[in-house]
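Chemist: The structure's right below; bear with me while I get my questions together.
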Amino acid sequence: MNTDNTNTSDVRKDRIVTNSLGNPINEPFATQRVGQHGPLLLQDSNLIDLLAHFNRENIPQRLPHAHGSGAFGYFEVTDDITDVCGSAMFNKIGKKTRCLIRFSTVGGDKGSADTARDPRGFSTKFYTEEGNLDWVYNNTPVFFIRDPSKFPHFIHTQRRNPETNTPDANMFWDFLTTPENQVAIHQVMILFSDRGTPASYRHMNGYSGHTYKWSNKNGDWKYVQVHIITDQGIKNLTIEEAIKKAGEDADFCQKDLFNSIAKGKFPSWTVYIQTMTQDEAKSLPFSVFDLTKVWPHKQFPLRRVGRIVLNENPKNYFAQIEEAAFAPSNTVPYQEPSADPVLQARLFAYADAQRYRLGPNYHQIPVNCPYASKMFNPAIRDGPMNVNGNFGNEPNYLNTSKDYSFIQQQKPIQQHQEVWNGPAIPYHWATSEGDIDFVQARELYTKVLSKQPGAQERLAHNIGIHIAPAADTIQQRVINMFAKVDKNLANGIRKECEAKKRDSSKF
Ligand code: HEM
């Protein structure tokens, strides 16, 4: 396995052009025919090779997060956190681990515009000596849902209307304003603020959003959230700038990332963690597993861990970015998922999507290979596109007579776990008692956006424009929902919506 994640083992160095089986082609632009102008011959296998492969160039796009860009780099430890996490990647200050980051938008198709209003995906694959670790994060610290059963429904509301085949403001806002879906309010506020249209991938942060469980080598564990803060500073576009860029230069962020790395202007991020004990979690006003909430920084301060630098562009987008497979289930010793139900569902969803999108041996695609750790499990074998030698003549089952090692049996991890009990019931985690789901959204409006000149007005403007094409009844539901955050915001949205409708009626 090459450490640059490209497989060039079967590529000729003499540049003699061949068909896909290595037979030289002397006349690539000639076809075999009867006479000069007669019909083609089926025996022209080079032509068939070319046309047939062309028909199979497309693979299923990711659903969601189809559109994205990526680059390679490294993670470097700057601070000792071995009291929190025993993973080998953190075991020495100055230690570097090679990584790959893919940034993405969520709702759009593969060719859609980089500057669309959307959360941005922020996925990092670390090639560690303990195996590949993926942090599959977004650029927002919270999410729209906290029950995974809502996910496909919510994503569908941003795709095309089945009848009109166009995006539909009614679908989007109908879902979000349904009382039990208003847990999304905090994320919706962020999405429609300036942060919904980042100026580039370099100028935004990444957040785990979810609570994870990290443990040290003594087996003591803490709840952890990860923050990846841009060293370039946050920079966003206004709605007008984002729309203009989408029309003029739809791949603006792809170019920005590629060109800045090509010029040696390597973007970097500082990695921090927040930690929380089980006892502290019990006294929170919300569940530690609620993905719609942030942990207050005063109570849970950021602690620096290291930095990520992106210093290498992919040489081949398809092989290294499109075929990359990130999954929250790809983890290493001492970093565990928590019981957050959205995270638990994600542990299933990604590898399942990749078995469909790339095939069951997707882990053999060079960019996904755990080259820093290597794989050994001869029971995971065969299957379509098995290309790594399939463990040769190793028995196809594990048995006690063979000399295998099981590291985690020698060093058990996390002895003192949470204890769960209760009946197995369908639990409907839709609404909370009282106002708790609106508290952080209100604080964002009154304490954070109020300090950024014009930010409150732009929030109302962005929402007002977005709801203008929706039905009057849906617009009213949106205004009523935002009135629960702040009355001024609701009034601002109403005015902006009316202005947009007056404007649109001129066409
Ligand atoms: C139940 C909830 C969710 C489900 C079922 C889900 C499912 C998926 C699936 C199937 C993909 C495509 C994977 C592929 O084809 O390789 C994907 C991509 C992605 N998801 Fe989620 N997702 C959920 C929630 C989230 C959340 C909460 C976050 C962030 C905190 C997130 C971040 C991402 C990112 C960044 C990608 C793109 C990965 C890449 O760059 O290849 N997702 N999701």
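Letters A, B, ... go to the chains of the structure tokens in the order shown; residues in each chain start at 1; ligands are counted from 1 in the same order.
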Looking only at the backbone, which of the residues in range 257-315 of chain A does DSSP tag as alpha helix (DSSP H), as a PyMOL selection string?
Modeler: chain A and resi 257-262+278-282
Chemist: Got time to write the residues from that selection, C-alpha atoms, as a short mmCIF file (atom, residue, chain, number, x, y, z; two decimals), in the first residue's frame?
Modeler:
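So the final result, stored in out07.cif, reads:
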```cif
data_model
loop_
_atom_site.label_atom_id
_atom_site.label_comp_id
_atom_site.auth_asym_id
_atom_site.auth_seq_id
_atom_site.Cartn_x
_atom_site.Cartn_y
_atom_site.Cartn_z
CA LEU A 257 -8.89 25.08 -1.10
CA PHE A 258 -6.89 23.60 -3.97
CA ASN A 259 -5.19 26.86 -4.94
CA SER A 260 -4.23 27.88 -1.44
CA ILE A 261 -2.56 24.49 -0.82
CA ALA A 262 -0.92 24.55 -4.27
CA GLN A 278 -20.99 11.48 34.54
CA ASP A 279 -21.98 13.40 37.69
CA GLU A 280 -21.77 16.76 35.91
CA ALA A 281 -23.97 15.35 33.16
CA LYS A 282 -26.66 14.48 35.73
#
```
Chemist: Can you tell me, as an MDAnalysis selection string, which residues in range 56-151 of chain A count as strand (DSSP E) by DSSP?
Modeler: chainID A and resid 68:77 96:105 120:128 131:138
Chemist: Please identify every residue of range 122-229 of chain A that has at least one atom no farther than 10 Å from an atom of range 303-309 of chain A, counting only C-alpha atoms, and for each give the shortest atom pair and the distance in Å to one decimal, arranged by chain then increasing number, as a tab-separated table.
Modeler:
```
residue	atom	partner	partner_atom	distance
A:Thr124	CA	A:Ile308	CA	9.7
A:Val226	CA	A:Arg303	CA	9.5
A:His227	CA	A:Arg304	CA	9.3
A:Ile228	CA	A:Arg307	CA	8.3
A:Ile229	CA	A:Arg307	CA	9.1
```
Chemist: Would you mind exporting C-alpha atoms of the selected residues as a PDB file, in the first residue's frame?
Modeler:
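Result file selection-v8.pdb:
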```
ATOM      1  CA  THR A 124     -11.304  13.794   9.035  1.00  0.00           C
ATOM      2  CA  VAL A 226     -14.364  18.029  20.028  1.00  0.00           C
ATOM      3  CA  HIS A 227     -13.953  21.503  18.499  1.00  0.00           C
ATOM      4  CA  ILE A 228     -11.713  22.094  15.481  1.00  0.00           C
ATOM      5  CA  ILE A 229     -11.226  25.847  15.306  1.00  0.00           C
TER       6      ILE A 229
END
```
Chemist: Let me make sure I understand: among A:Leu343, A:Ile465, A:Ala88, A:Met375, which one has the smallest atom-to-atom distance to ligand 1 if we use only C-alpha atoms and all ligand atoms?
Modeler: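 Of all the options, A:Leu343 lies closest to ligand 1.
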Chemist: Quick one: residues within 12 Å of Lys244 in chain A, only C-alpha atoms counted, chain neighbours fewer than 6 positions away excluded, as number ranges by chain?
Modeler: A: 113-116, 237-238, 250, 252
Chemist: Take the residues just selected and output them with N, CA and C atoms as a compact mmCIF listing (two decimals), in the first residue's frame.
Modeler:
```txt
# COMPACT_ATOMS: atom_id res chain seq x y z
N ALA A 113 -23.77 23.93 -6.18
CA ALA A 113 -22.87 25.06 -5.88
C ALA A 113 -22.24 24.94 -4.49
N ASP A 114 -20.98 25.34 -4.41
CA ASP A 114 -20.24 25.32 -3.14
C ASP A 114 -20.81 26.27 -2.10
N THR A 115 -21.47 27.34 -2.56
CA THR A 115 -21.85 28.38 -1.60
C THR A 115 -23.31 28.27 -1.15
N ALA A 116 -23.95 27.14 -1.41
CA ALA A 116 -25.35 26.96 -0.99
C ALA A 116 -25.49 27.15 0.52
N LEU A 237 -20.13 34.58 3.84
CA LEU A 237 -20.67 35.39 2.75
C LEU A 237 -22.06 35.87 3.15
N THR A 238 -22.48 37.01 2.63
CA THR A 238 -23.89 37.40 2.78
C THR A 238 -24.70 36.56 1.80
N ALA A 250 -19.46 28.31 -9.44
CA ALA A 250 -20.10 27.36 -8.52
C ALA A 250 -19.09 26.52 -7.73
N PHE A 252 -16.35 27.56 -6.34
CA PHE A 252 -15.52 28.56 -5.69
C PHE A 252 -14.71 27.99 -4.52
```
Chemist: At a cut-off of 12 Å, can you tabulate as a Markdown table every residue of range 321-428 of chain A near range 38-59 of chain A together with its closest atom pair and the distance in Å to one decimal, using only C-alpha atoms and ordering rows by chain then number?
Modeler:
```
| residue | atom | partner | partner_atom | distance |
| --- | --- | --- | --- | --- |
| A:Glu322 | CA | A:Ile59 | CA | 9.2 |
| A:Glu323 | CA | A:Ile59 | CA | 9.2 |
| A:Gln354 | CA | A:Ile59 | CA | 11.0 |
| A:Arg355 | CA | A:Ile59 | CA | 12.0 |
| A:Tyr356 | CA | A:Ile59 | CA | 9.7 |
| A:Arg357 | CA | A:Ile59 | CA | 6.6 |
| A:Leu358 | CA | A:Ile59 | CA | 7.5 |
| A:Gly359 | CA | A:Ile59 | CA | 10.2 |
```
Chemist: Please provide the set of residues having any atom within 10 Å of Thr230 in chain A, restricted to only C-alpha atoms, with same-chain residues fewer than 5 positions apart removed, written as a PyMOL selection string.
Modeler: chain A and resi 201-206+235+267-271+307-308
Chemist: Please provide as an mmCIF file with C-alpha atoms, in the first residue's frame all residues within 8 Å of range 382-395 of chain A, with the sequence filter that same-chain residues fewer than 4 positions apart are discarded (counting only C-alpha atoms).
Modeler:
```cif
data_model
loop_
_atom_site.group_PDB
_atom_site.id
_atom_site.type_symbol
_atom_site.label_atom_id
_atom_site.label_comp_id
_atom_site.auth_asym_id
_atom_site.auth_seq_id
_atom_site.Cartn_x
_atom_site.Cartn_y
_atom_site.Cartn_z
ATOM 1 C CA GLY A 359 -18.796 -2.331 -2.600
ATOM 2 C CA PRO A 360 -18.194 -4.596 0.404
ATOM 3 C CA ASN A 361 -14.408 -4.451 -0.034
ATOM 4 C CA GLN A 364 -9.289 -2.202 0.152
ATOM 5 C CA PRO A 378 -8.673 -13.846 7.344
#
```
Chemist: May I ask which of the residues A:Ser104, A:Ser405, A:Asn161, A:Asn19 is the closest one to ligand 1, counting only C-alpha atoms and all ligand atoms?
Modeler: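 Of A:Ser104, A:Ser405, A:Asn161, A:Asn19, the one nearest ligand 1, counting only C-alpha atoms and all ligand atoms, is A:Ser104.
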Chemist: Let me make sure I understand: among A:Gln344, A:Thr105, A:Asn396, A:Asn138, which one has the smallest atom-to-atom distance to ligand 1 if we use only C-alpha atoms and all ligand atoms?
Modeler: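 Closest residue, counting only C-alpha atoms and all ligand atoms: A:Asn138.
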